[in-house]
Amino acid sequence: MRRTLFADEHDQFRSSVRSFVAKEIVPSFLDWERAGIVPREVFTAAGAHGFLGMAAPTEHGGGGVEDFRFNLILGEELAYAGTGGAGLGLTLHNDICLPYFLSLATDEQKARWLPGICSGELITAVAMTEPAIGSDLAAMATTALRDGDHYVVNGAKTFITNGINADLVITAVKTDPSQRHRGMSLMVLERGMEGFDRGRNLDKVGLHSQDTAELFLSDVHVPVANLLGEEGRGFVHLVHNLPQERLSIAAAGVAAAEAALGWTLDYVKERIAFGQPVGSFQNSRFELATLRTEIDIARVFVDRCVQALDAGELTAEEAAEAKWWCTELQKRTVDRCLQLHGGYGYMLEYPIARAYLDARITTIYGGTTEIMKEIVGRSLGV
């Protein structure tokens, strides 16, 4: 189905991104999968090509264009190339972390951090989840108690994407432990702060080239100047940015499903069984037709959500719908596509096998499918 979402400048941007991914990421991707991390040079290379900080002001080295379609294109091309693990750090940097700096940072903070964020010299992460809590953020135990011109931060975070590479970590803390949501604040912890330590690079089921870490915070003295937004309004700030985060995950899910379908179509046209291509059997055609239809329908909804986001109209409920539906679509698509590959689909040398492993987390991170349905359900008045 022809998409009407993009203009000429978006098509040109896509061509540049596709070339970048083919030259800078694909050749080394499997090495990074084995290493469990991408080199920092991937970020600086992306920054040099203008693929980071597209929405940041030009005076700070950004693209000066608040248009999520550019973010969408970057995420899609990374997925189409089968490099979702390596690409997740870039999309997290652009889609999830940057909006906090743009909407909450003071002029001094923007001048201090945005140039490095846009160039890729300062890699970002956001730390919400703790070992004992997942979706219930108000139950977090990490504290930041005011002591003069510093906060003293103690606690631990886990499952932090970009956790090893990150230089700036937007960290959710309790500045008033006696409160739940109203006691939460956000502050930026920086690489090299005394007492800020990283644990191991976690060994995950999938997304192997994406560094995911534990963070340990022991009497970390964080300057008050690193408070992001208002003290006590951290939960409000997080909720404000969640729709874009969830839309980013939804868009990646649709693109990953599209990639899986493409690889499978190529395979079933060439693979011969009982004297004919696997794709020519009625069951194969029906399975492929179902996937083609579901992907097309999901993409239309995601594209509409992108337009709503750019217009400032995307609701939390719409983002939740997109997130749960598209990630569940991704999961069942790669499962069906792996089945059509037969035994070869279980071999990690085939991209469909890696896509199968990578897909499992997407219905969990950014808010589980169950939480997304709860958000939508509450809006229905039931």
# chains A, B, ... in the order shown; residues from 1 in each chain; ligands from 1

$ residues_around --residues "A:Asp176" --least-positions-apart "3" --cutoff "10 Å" --atoms "only C-alpha atoms" --output "PDB file with N, CA, C and O atoms, in the first residue's frame"
ATOM      1  N   THR A 143      16.786   6.716  46.194  1.00  0.00           N
ATOM      2  CA  THR A 143      16.532   8.016  46.811  1.00  0.00           C
ATOM      3  C   THR A 143      17.581   9.039  46.398  1.00  0.00           C
ATOM      4  O   THR A 143      18.716   8.698  46.064  1.00  0.00           O
ATOM      5  N   ALA A 144      17.158  10.296  46.430  1.00  0.00           N
ATOM      6  CA  ALA A 144      18.052  11.425  46.186  1.00  0.00           C
ATOM      7  C   ALA A 144      17.712  12.490  47.212  1.00  0.00           C
ATOM      8  O   ALA A 144      16.717  13.217  47.076  1.00  0.00           O
ATOM      9  N   LEU A 145      18.509  12.569  48.263  1.00  0.00           N
ATOM     10  CA  LEU A 145      18.219  13.477  49.374  1.00  0.00           C
ATOM     11  C   LEU A 145      19.077  14.726  49.260  1.00  0.00           C
ATOM     12  O   LEU A 145      20.299  14.651  49.076  1.00  0.00           O
ATOM     13  N   ARG A 146      18.447  15.862  49.397  1.00  0.00           N
ATOM     14  CA  ARG A 146      19.129  17.153  49.223  1.00  0.00           C
ATOM     15  C   ARG A 146      20.128  17.390  50.351  1.00  0.00           C
ATOM     16  O   ARG A 146      19.836  17.187  51.524  1.00  0.00           O
ATOM     17  N   VAL A 173      14.232   9.054  40.581  1.00  0.00           N
ATOM     18  CA  VAL A 173      14.603   8.913  41.994  1.00  0.00           C
ATOM     19  C   VAL A 173      13.448   9.394  42.866  1.00  0.00           C
ATOM     20  O   VAL A 173      12.525  10.060  42.395  1.00  0.00           O
ATOM     21  N   GLN A 179       6.479  10.001  49.917  1.00  0.00           N
ATOM     22  CA  GLN A 179       5.421  10.101  48.915  1.00  0.00           C
ATOM     23  C   GLN A 179       5.595   9.019  47.844  1.00  0.00           C
ATOM     24  O   GLN A 179       6.675   8.446  47.690  1.00  0.00           O
ATOM     25  N   ARG A 180       4.538   8.776  47.105  1.00  0.00           N
ATOM     26  CA  ARG A 180       4.657   7.850  45.980  1.00  0.00           C
ATOM     27  C   ARG A 180       4.928   8.668  44.707  1.00  0.00           C
ATOM     28  O   ARG A 180       6.039   9.098  44.487  1.00  0.00           O
ATOM     29  N   HIS A 181       3.934   8.895  43.903  1.00  0.00           N
ATOM     30  CA  HIS A 181       4.158   9.624  42.652  1.00  0.00           C
ATOM     31  C   HIS A 181       4.685  11.035  42.886  1.00  0.00           C
ATOM     32  O   HIS A 181       5.557  11.508  42.154  1.00  0.00           O
ATOM     33  N   ARG A 182       4.164  11.706  43.897  1.00  0.00           N
ATOM     34  CA  ARG A 182       4.560  13.099  44.134  1.00  0.00           C
ATOM     35  C   ARG A 182       5.970  13.227  44.688  1.00  0.00           C
ATOM     36  O   ARG A 182       6.514  14.323  44.748  1.00  0.00           O
ATOM     37  N   GLY A 183       6.566  12.116  45.083  1.00  0.00           N
ATOM     38  CA  GLY A 183       7.924  12.174  45.614  1.00  0.00           C
ATOM     39  C   GLY A 183       8.993  11.919  44.579  1.00  0.00           C
ATOM     40  O   GLY A 183      10.185  11.951  44.896  1.00  0.00           O
ATOM     41  N   MET A 184       8.588  11.698  43.323  1.00  0.00           N
ATOM     42  CA  MET A 184       9.541  11.321  42.285  1.00  0.00           C
ATOM     43  C   MET A 184      10.108  12.538  41.567  1.00  0.00           C
ATOM     44  O   MET A 184       9.409  13.527  41.331  1.00  0.00           O
ATOM     45  N   SER A 185      11.388  12.444  41.219  1.00  0.00           N
ATOM     46  CA  SER A 185      12.055  13.488  40.444  1.00  0.00           C
ATOM     47  C   SER A 185      12.979  12.820  39.420  1.00  0.00           C
ATOM     48  O   SER A 185      13.260  11.620  39.498  1.00  0.00           O
ATOM     49  N   GLU A 231      11.453  19.386  40.816  1.00  0.00           N
ATOM     50  CA  GLU A 231      11.488  18.397  41.892  1.00  0.00           C
ATOM     51  C   GLU A 231      10.059  18.001  42.255  1.00  0.00           C
ATOM     52  O   GLU A 231       9.169  18.852  42.384  1.00  0.00           O
ATOM     53  N   GLY A 232       9.847  16.705  42.424  1.00  0.00           N
ATOM     54  CA  GLY A 232       8.539  16.190  42.791  1.00  0.00           C
ATOM     55  C   GLY A 232       7.587  15.977  41.625  1.00  0.00           C
ATOM     56  O   GLY A 232       6.479  15.473  41.809  1.00  0.00           O
TER      57      GLY A 232
END

$ residues_around --residues "stretch 15-31 of chain A" --least-positions-apart "3" --cutoff "7 Å" --atoms "only C-alpha atoms" --output "compact mmCIF listing (two decimals) with N, CA and C atoms, in the first residue's frame"
# COMPACT_ATOMS: atom_id res chain seq x y z
N ASP A 11 12.12 11.16 1.80
CA ASP A 11 12.64 10.13 0.90
C ASP A 11 14.16 10.25 0.76
N GLN A 12 14.66 11.48 0.68
CA GLN A 12 16.10 11.70 0.59
C GLN A 12 16.79 11.27 1.88
N ARG A 34 28.07 -10.77 18.87
CA ARG A 34 28.90 -11.66 19.69
C ARG A 34 29.54 -10.91 20.85
N ALA A 35 29.89 -9.64 20.63
CA ALA A 35 30.53 -8.84 21.67
C ALA A 35 29.53 -8.35 22.72
N LEU A 74 14.53 6.33 10.41
CA LEU A 74 15.75 5.73 10.97
C LEU A 74 15.44 4.37 11.59
N GLU A 77 14.61 1.68 8.81
CA GLU A 77 15.74 1.18 8.03
C GLU A 77 16.64 0.27 8.85
N LEU A 78 16.78 0.56 10.12
CA LEU A 78 17.56 -0.33 10.99
C LEU A 78 16.88 -1.69 11.11
N THR A 83 19.07 -5.27 11.83
CA THR A 83 20.07 -4.82 12.81
C THR A 83 19.41 -4.15 14.01

$ residues_around --residues "A:Asn94" --least-positions-apart "6" --cutoff "12 Å" --atoms "only C-alpha atoms" --output "ChimeraX atom specification"
/A:43,46-47,50-56,62-63,66-68,70-72,74-75,87-88,100-102,114,117-120,123-126,244-245,248

$ write_last_selection --atoms "N, CA, C and O atoms" --output "CSV table (one decimal), in the first residue's frame"
chain,number,residue,atom,x,y,z
A,43,PHE,N,27.8,5.8,17.3
A,43,PHE,CA,27.0,7.0,17.7
A,43,PHE,C,27.6,8.2,17.1
A,43,PHE,O,26.9,9.1,16.5
A,46,ALA,N,26.9,8.2,13.4
A,46,ALA,CA,25.5,8.6,13.1
A,46,ALA,C,25.3,10.1,13.3
A,46,ALA,O,24.6,10.8,12.6
A,47,GLY,N,26.0,10.7,14.4
A,47,GLY,CA,25.9,12.1,14.6
A,47,GLY,C,26.5,12.9,13.5
A,47,GLY,O,26.0,13.9,13.0
A,50,GLY,N,24.2,13.3,10.6
A,50,GLY,CA,22.9,14.1,10.9
A,50,GLY,C,21.8,13.2,11.3
A,50,GLY,O,20.6,13.6,11.2
A,51,PHE,N,22.1,12.0,11.8
A,51,PHE,CA,21.0,11.0,12.2
A,51,PHE,C,20.8,11.0,13.7
A,51,PHE,O,20.0,10.2,14.2
A,52,LEU,N,21.4,11.9,14.5
A,52,LEU,CA,21.1,12.1,15.9
A,52,LEU,C,20.6,13.5,16.2
A,52,LEU,O,21.1,14.5,15.5
A,53,GLY,N,19.7,13.7,17.1
A,53,GLY,CA,19.2,15.0,17.5
A,53,GLY,C,18.6,15.8,16.4
A,53,GLY,O,18.7,17.0,16.3
A,54,MET,N,17.8,15.1,15.5
A,54,MET,CA,17.1,15.8,14.4
A,54,MET,C,16.2,16.9,15.0
A,54,MET,O,16.0,17.9,14.3
A,55,ALA,N,15.6,16.7,16.2
A,55,ALA,CA,14.7,17.6,16.7
A,55,ALA,C,15.3,18.7,17.6
A,55,ALA,O,14.6,19.6,18.0
A,56,ALA,N,16.6,18.6,17.8
A,56,ALA,CA,17.3,19.6,18.7
A,56,ALA,C,17.6,20.8,17.9
A,56,ALA,O,17.7,20.8,16.7
A,62,GLY,N,21.8,20.3,16.4
A,62,GLY,CA,20.8,19.5,16.0
A,62,GLY,C,20.2,19.8,14.6
A,62,GLY,O,20.7,20.7,13.9
A,63,GLY,N,19.2,19.1,14.2
A,63,GLY,CA,18.6,19.3,12.9
A,63,GLY,C,17.6,20.5,12.8
A,63,GLY,O,17.3,21.0,11.8
A,66,GLU,N,11.4,19.5,14.4
A,66,GLU,CA,10.6,18.6,15.2
A,66,GLU,C,9.6,17.8,14.4
A,66,GLU,O,8.4,18.2,14.2
A,67,ASP,N,10.0,16.8,13.8
A,67,ASP,CA,9.3,16.0,12.8
A,67,ASP,C,9.6,14.5,13.1
A,67,ASP,O,10.7,14.0,12.7
A,68,PHE,N,8.7,13.8,13.7
A,68,PHE,CA,9.0,12.4,14.1
A,68,PHE,C,9.1,11.5,12.9
A,68,PHE,O,9.6,10.3,13.0
A,70,PHE,N,11.2,11.7,10.6
A,70,PHE,CA,12.7,11.3,10.5
A,70,PHE,C,13.1,10.2,11.4
A,70,PHE,O,13.8,9.3,11.1
A,71,ASN,N,12.6,10.3,12.6
A,71,ASN,CA,12.9,9.2,13.6
A,71,ASN,C,12.3,7.9,13.1
A,71,ASN,O,12.9,6.8,13.2
A,72,LEU,N,11.1,8.0,12.6
A,72,LEU,CA,10.4,6.8,12.1
A,72,LEU,C,11.3,6.1,11.0
A,72,LEU,O,11.5,4.9,11.0
A,74,LEU,N,14.5,6.3,10.4
A,74,LEU,CA,15.8,5.7,11.0
A,74,LEU,C,15.4,4.4,11.6
A,74,LEU,O,16.1,3.4,11.3
A,75,GLY,N,14.4,4.3,12.4
A,75,GLY,CA,14.0,3.0,13.0
A,75,GLY,C,13.6,2.0,12.0
A,75,GLY,O,14.0,0.8,12.2
A,87,GLY,N,20.7,-1.1,16.4
A,87,GLY,CA,20.0,0.2,16.2
A,87,GLY,C,19.2,0.7,17.4
A,87,GLY,O,18.9,1.9,17.5
A,88,LEU,N,18.9,-0.2,18.4
A,88,LEU,CA,18.0,0.2,19.5
A,88,LEU,C,18.7,1.3,20.3
A,88,LEU,O,18.0,2.2,20.8
A,100,TYR,N,13.3,14.4,26.7
A,100,TYR,CA,13.4,14.9,28.1
A,100,TYR,C,14.3,16.1,28.2
A,100,TYR,O,14.0,17.1,28.9
A,101,PHE,N,15.4,16.1,27.4
A,101,PHE,CA,16.3,17.2,27.4
A,101,PHE,C,15.7,18.4,26.7
A,101,PHE,O,15.9,19.6,27.1
A,102,LEU,N,15.0,18.2,25.7
A,102,LEU,CA,14.4,19.3,24.9
A,102,LEU,C,13.2,20.0,25.7
A,102,LEU,O,13.1,21.2,25.7
A,114,LEU,N,23.4,19.2,25.0
A,114,LEU,CA,22.8,18.9,23.7
A,114,LEU,C,23.9,18.8,22.6
A,114,LEU,O,23.7,17.9,21.7
A,117,ILE,N,25.1,15.3,22.7
A,117,ILE,CA,24.0,14.4,22.4
A,117,ILE,C,23.8,14.3,20.8
A,117,ILE,O,23.7,13.3,20.3
A,118,CYS,N,23.9,15.5,20.2
A,118,CYS,CA,23.7,15.5,18.7
A,118,CYS,C,24.9,15.0,18.0
A,118,CYS,O,24.7,14.4,16.9
A,119,SER,N,26.1,15.1,18.5
A,119,SER,CA,27.2,14.6,17.8
A,119,SER,C,27.5,13.1,18.1
A,119,SER,O,28.3,12.5,17.4
A,120,GLY,N,26.8,12.6,19.1
A,120,GLY,CA,27.0,11.2,19.5
A,120,GLY,C,28.2,11.0,20.5
A,120,GLY,O,28.5,9.9,20.9
A,123,ILE,N,26.4,9.7,24.9
A,123,ILE,CA,25.4,8.7,24.7
A,123,ILE,C,24.4,8.8,25.9
A,123,ILE,O,24.9,8.9,27.1
A,124,THR,N,23.1,8.6,25.7
A,124,THR,CA,22.1,8.8,26.7
A,124,THR,C,21.4,7.5,27.0
A,124,THR,O,21.4,6.5,26.2
A,125,ALA,N,20.9,7.5,28.2
A,125,ALA,CA,20.0,6.3,28.7
A,125,ALA,C,19.0,6.9,29.7
A,125,ALA,O,19.2,8.0,30.2
A,126,VAL,N,18.0,6.1,29.9
A,126,VAL,CA,17.0,6.5,30.9
A,126,VAL,C,16.9,5.3,31.9
A,126,VAL,O,16.7,4.2,31.5
A,244,GLN,N,5.4,9.0,23.0
A,244,GLN,CA,6.4,8.9,22.0
A,244,GLN,C,7.2,7.7,22.1
A,244,GLN,O,7.5,7.0,21.1
A,245,GLU,N,7.6,7.4,23.3
A,245,GLU,CA,8.4,6.1,23.5
A,245,GLU,C,7.6,4.9,23.0
A,245,GLU,O,8.2,4.1,22.3
A,248,SER,N,7.4,4.8,19.2
A,248,SER,CA,8.6,4.4,18.7
A,248,SER,C,8.8,2.9,18.7
A,248,SER,O,9.2,2.2,17.7

$ residues_around --residues "A:Gly155" --least-positions-apart "3" --cutoff "12 Å" --atoms "only C-alpha atoms" --output "PyMOL selection string"
chain A and resi 127-132+140-145+152+158+171-174+195-197+214-220

$ residues_around --residues "A:Thr369" --least-positions-apart "4" --cutoff "10 Å" --atoms "only C-alpha atoms" --output "number ranges by chain"
A: 320-321, 323-325, 327-328, 362-365, 373-375

$ write_last_selection --atoms "all heavy atoms" --output "tab-separated table (two decimals), in the first residue's frame"
chain	number	residue	atom	x	y	z
A	320	ALA	N	-0.78	3.51	23.56
A	320	ALA	CA	-0.85	2.20	24.19
A	320	ALA	C	-1.43	1.16	23.23
A	320	ALA	O	-0.95	0.03	23.15
A	320	ALA	CB	-1.68	2.27	25.47
A	321	GLU	N	-2.47	1.55	22.49
A	321	GLU	CA	-3.04	0.66	21.49
A	321	GLU	C	-1.99	0.26	20.46
A	321	GLU	O	-1.85	-0.93	20.12
A	321	GLU	CB	-4.22	1.33	20.79
A	321	GLU	CG	-5.46	1.54	21.64
A	321	GLU	CD	-6.52	2.33	20.90
A	321	GLU	OE1	-6.52	2.31	19.63
A	321	GLU	OE2	-7.35	2.98	21.55
A	323	LYS	N	1.25	0.36	20.72
A	323	LYS	CA	2.37	-0.38	21.30
A	323	LYS	C	2.03	-1.86	21.47
A	323	LYS	O	2.79	-2.74	21.06
A	323	LYS	CB	2.76	0.26	22.64
A	323	LYS	CG	4.16	-0.12	23.14
A	323	LYS	CD	4.18	-1.41	23.90
A	323	LYS	CE	5.58	-1.81	24.31
A	323	LYS	NZ	5.62	-3.12	24.98
A	324	TRP	N	0.90	-2.15	22.08
A	324	TRP	CA	0.62	-3.56	22.36
A	324	TRP	C	0.27	-4.30	21.09
A	324	TRP	O	0.71	-5.44	20.87
A	324	TRP	CB	-0.45	-3.71	23.45
A	324	TRP	CG	-1.89	-3.70	23.06
A	324	TRP	CD1	-2.78	-2.68	23.21
A	324	TRP	CD2	-2.65	-4.80	22.52
A	324	TRP	NE1	-4.03	-3.04	22.78
A	324	TRP	CE2	-3.97	-4.34	22.34
A	324	TRP	CE3	-2.33	-6.10	22.14
A	324	TRP	CZ2	-4.99	-5.13	21.82
A	324	TRP	CZ3	-3.34	-6.90	21.62
A	324	TRP	CH2	-4.64	-6.43	21.45
A	325	TRP	N	-0.50	-3.68	20.21
A	325	TRP	CA	-0.93	-4.39	19.01
A	325	TRP	C	0.25	-4.67	18.07
A	325	TRP	O	0.40	-5.79	17.57
A	325	TRP	CB	-1.99	-3.59	18.27
A	325	TRP	CG	-2.42	-4.28	17.00
A	325	TRP	CD1	-2.00	-4.03	15.73
A	325	TRP	CD2	-3.34	-5.37	16.91
A	325	TRP	NE1	-2.58	-4.89	14.85
A	325	TRP	CE2	-3.41	-5.73	15.55
A	325	TRP	CE3	-4.09	-6.08	17.83
A	325	TRP	CZ2	-4.23	-6.77	15.09
A	325	TRP	CZ3	-4.90	-7.11	17.38
A	325	TRP	CH2	-4.97	-7.45	16.02
A	327	THR	N	3.54	-4.76	18.70
A	327	THR	CA	4.56	-5.67	19.21
A	327	THR	C	4.05	-7.11	19.26
A	327	THR	O	4.81	-8.05	19.01
A	327	THR	CB	5.07	-5.24	20.59
A	327	THR	OG1	3.96	-5.09	21.49
A	327	THR	CG2	5.82	-3.92	20.50
A	328	GLU	N	2.77	-7.29	19.56
A	328	GLU	CA	2.20	-8.63	19.48
A	328	GLU	C	2.20	-9.11	18.02
A	328	GLU	O	2.44	-10.29	17.74
A	328	GLU	CB	0.78	-8.65	20.06
A	328	GLU	CG	0.71	-8.39	21.55
A	328	GLU	CD	1.20	-9.56	22.41
A	328	GLU	OE1	1.41	-10.66	21.85
A	328	GLU	OE2	1.37	-9.37	23.63
A	362	THR	N	9.78	-7.18	23.11
A	362	THR	CA	9.07	-5.95	22.74
A	362	THR	C	7.68	-5.83	23.35
A	362	THR	O	7.15	-4.73	23.49
A	362	THR	CB	8.98	-5.82	21.21
A	362	THR	OG1	8.24	-6.92	20.67
A	362	THR	CG2	10.37	-5.78	20.59
A	363	THR	N	7.08	-6.95	23.72
A	363	THR	CA	5.78	-6.88	24.40
A	363	THR	C	5.94	-6.66	25.90
A	363	THR	O	4.95	-6.60	26.63
A	363	THR	CB	4.97	-8.17	24.17
A	363	THR	OG1	5.71	-9.29	24.67
A	363	THR	CG2	4.67	-8.38	22.69
A	364	ILE	N	7.19	-6.51	26.34
A	364	ILE	CA	7.49	-6.31	27.77
A	364	ILE	C	8.03	-4.90	28.02
A	364	ILE	O	7.50	-4.17	28.86
A	364	ILE	CB	8.50	-7.37	28.26
A	364	ILE	CG1	7.90	-8.78	28.14
A	364	ILE	CG2	8.91	-7.09	29.70
A	364	ILE	CD1	8.88	-9.89	28.44
A	365	TYR	N	9.11	-4.50	27.31
A	365	TYR	CA	9.70	-3.20	27.63
A	365	TYR	C	8.82	-2.05	27.11
A	365	TYR	O	8.02	-2.22	26.21
A	365	TYR	CB	11.15	-3.09	27.19
A	365	TYR	CG	11.48	-3.11	25.71
A	365	TYR	CD1	10.58	-2.76	24.71
A	365	TYR	CD2	12.78	-3.45	25.31
A	365	TYR	CE1	10.94	-2.75	23.38
A	365	TYR	CE2	13.15	-3.45	23.97
A	365	TYR	CZ	12.21	-3.09	23.01
A	365	TYR	OH	12.57	-3.08	21.69
A	373	LYS	N	-3.09	-2.64	27.82
A	373	LYS	CA	-4.53	-2.92	27.78
A	373	LYS	C	-5.25	-2.28	28.96
A	373	LYS	O	-6.39	-1.83	28.83
A	373	LYS	CB	-4.77	-4.44	27.76
A	373	LYS	CG	-4.38	-5.10	26.45
A	373	LYS	CD	-4.67	-6.59	26.48
A	373	LYS	CE	-4.33	-7.26	25.15
A	373	LYS	NZ	-4.60	-8.72	25.16
A	374	GLU	N	-4.56	-2.22	30.09
A	374	GLU	CA	-5.16	-1.57	31.26
A	374	GLU	C	-5.35	-0.08	31.00
A	374	GLU	O	-6.38	0.50	31.36
A	374	GLU	CB	-4.26	-1.79	32.49
A	374	GLU	CG	-4.76	-1.13	33.76
A	374	GLU	CD	-6.03	-1.74	34.30
A	374	GLU	OE1	-6.42	-2.85	33.86
A	374	GLU	OE2	-6.66	-1.11	35.17
A	375	ILE	N	-4.37	0.56	30.35
A	375	ILE	CA	-4.49	1.98	30.03
A	375	ILE	C	-5.69	2.21	29.10
A	375	ILE	O	-6.49	3.13	29.30
A	375	ILE	CB	-3.19	2.48	29.37
A	375	ILE	CG1	-2.06	2.49	30.39
A	375	ILE	CG2	-3.38	3.87	28.75
A	375	ILE	CD1	-0.68	2.74	29.80

$ select_by_dssp --residues "stretch 232-373 of chain A" --states "helix (DSSP H, G or I)" --output "ChimeraX atom specification"
/A:234-270,278-280,282-310,316-346,351-363,369-373

$ closest_residue --among "A:Gly82, A:Pro223, A:Gly279, A:Gly36" --to "A:Gly163" --atoms "only C-alpha atoms"
A:Gly36

$ atom_distance --atom1 "atom CA of A:Lys110" --atom2 "atom CA of A:Val236"
20.5 Å

$ select_by_dssp --residues "stretch 56-295 of chain A" --states "strand (DSSP E)" --output "NGL selection string"
:A and (124-127 or 143-147 or 150-161 or 168-174 or 184-190 or 196-201 or 212-223 or 227-228 or 272-273 or 276-277)

$ write_last_selection --atoms "C-alpha atoms" --output "short mmCIF file (atom, residue, chain, number, x, y, z; two decimals), in the first residue's frame"
data_model
loop_
_atom_site.label_atom_id
_atom_site.label_comp_id
_atom_site.auth_asym_id
_atom_site.auth_seq_id
_atom_site.Cartn_x
_atom_site.Cartn_y
_atom_site.Cartn_z
CA THR A 124 22.14 8.79 26.70
CA ALA A 125 20.02 6.34 28.68
CA VAL A 126 17.00 6.49 30.95
CA ALA A 127 16.92 4.54 34.22
CA THR A 143 16.53 8.02 46.81
CA ALA A 144 18.05 11.42 46.19
CA LEU A 145 18.22 13.48 49.37
CA ARG A 146 19.13 17.15 49.22
CA ASP A 147 22.39 18.14 50.92
CA HIS A 150 23.92 18.43 45.85
CA TYR A 151 21.61 15.46 46.04
CA VAL A 152 23.00 12.28 47.56
CA VAL A 153 21.71 9.37 45.47
CA ASN A 154 21.49 5.76 46.66
CA GLY A 155 19.88 2.79 45.00
CA ALA A 156 20.08 0.49 42.00
CA LYS A 157 18.61 0.28 38.53
CA THR A 158 18.43 -2.65 36.14
CA PHE A 159 17.62 -3.52 32.51
CA ILE A 160 19.06 -0.16 31.40
CA THR A 161 19.41 0.07 27.63
CA LEU A 168 24.22 10.78 30.61
CA VAL A 169 21.60 8.73 32.45
CA ILE A 170 18.20 10.28 33.10
CA THR A 171 17.48 8.68 36.45
CA ALA A 172 14.15 8.43 38.24
CA VAL A 173 14.60 8.91 41.99
CA LYS A 174 12.60 9.62 45.13
CA MET A 184 9.54 11.32 42.28
CA SER A 185 12.05 13.49 40.44
CA LEU A 186 14.39 13.14 37.47
CA MET A 187 18.07 13.95 37.48
CA VAL A 188 20.99 13.35 35.14
CA LEU A 189 23.82 11.18 36.39
CA GLU A 190 27.06 11.53 34.45
CA PHE A 196 28.13 5.64 40.15
CA ASP A 197 29.07 2.10 39.09
CA ARG A 198 27.90 -0.22 36.35
CA GLY A 199 27.36 -3.91 36.82
CA ARG A 200 27.65 -6.53 34.17
CA ASN A 201 26.40 -6.26 30.64
CA THR A 212 21.84 -3.61 28.80
CA ALA A 213 23.23 -3.06 32.29
CA GLU A 214 22.69 -2.86 35.99
CA LEU A 215 23.54 0.48 37.63
CA PHE A 216 24.61 0.83 41.26
CA LEU A 217 24.39 4.18 43.04
CA SER A 218 26.20 4.57 46.34
CA ASP A 219 26.29 8.06 47.89
CA VAL A 220 26.55 9.65 44.46
CA HIS A 221 26.77 13.42 44.87
CA VAL A 222 24.72 14.86 42.00
CA PRO A 223 24.69 18.66 41.65
CA LEU A 227 17.91 18.15 38.30
CA LEU A 228 15.86 17.70 35.13
CA ILE A 272 11.66 -26.58 -3.10
CA ALA A 273 9.60 -29.27 -1.37
CA GLN A 276 7.52 -27.19 -6.04
CA PRO A 277 8.36 -23.96 -4.18
#
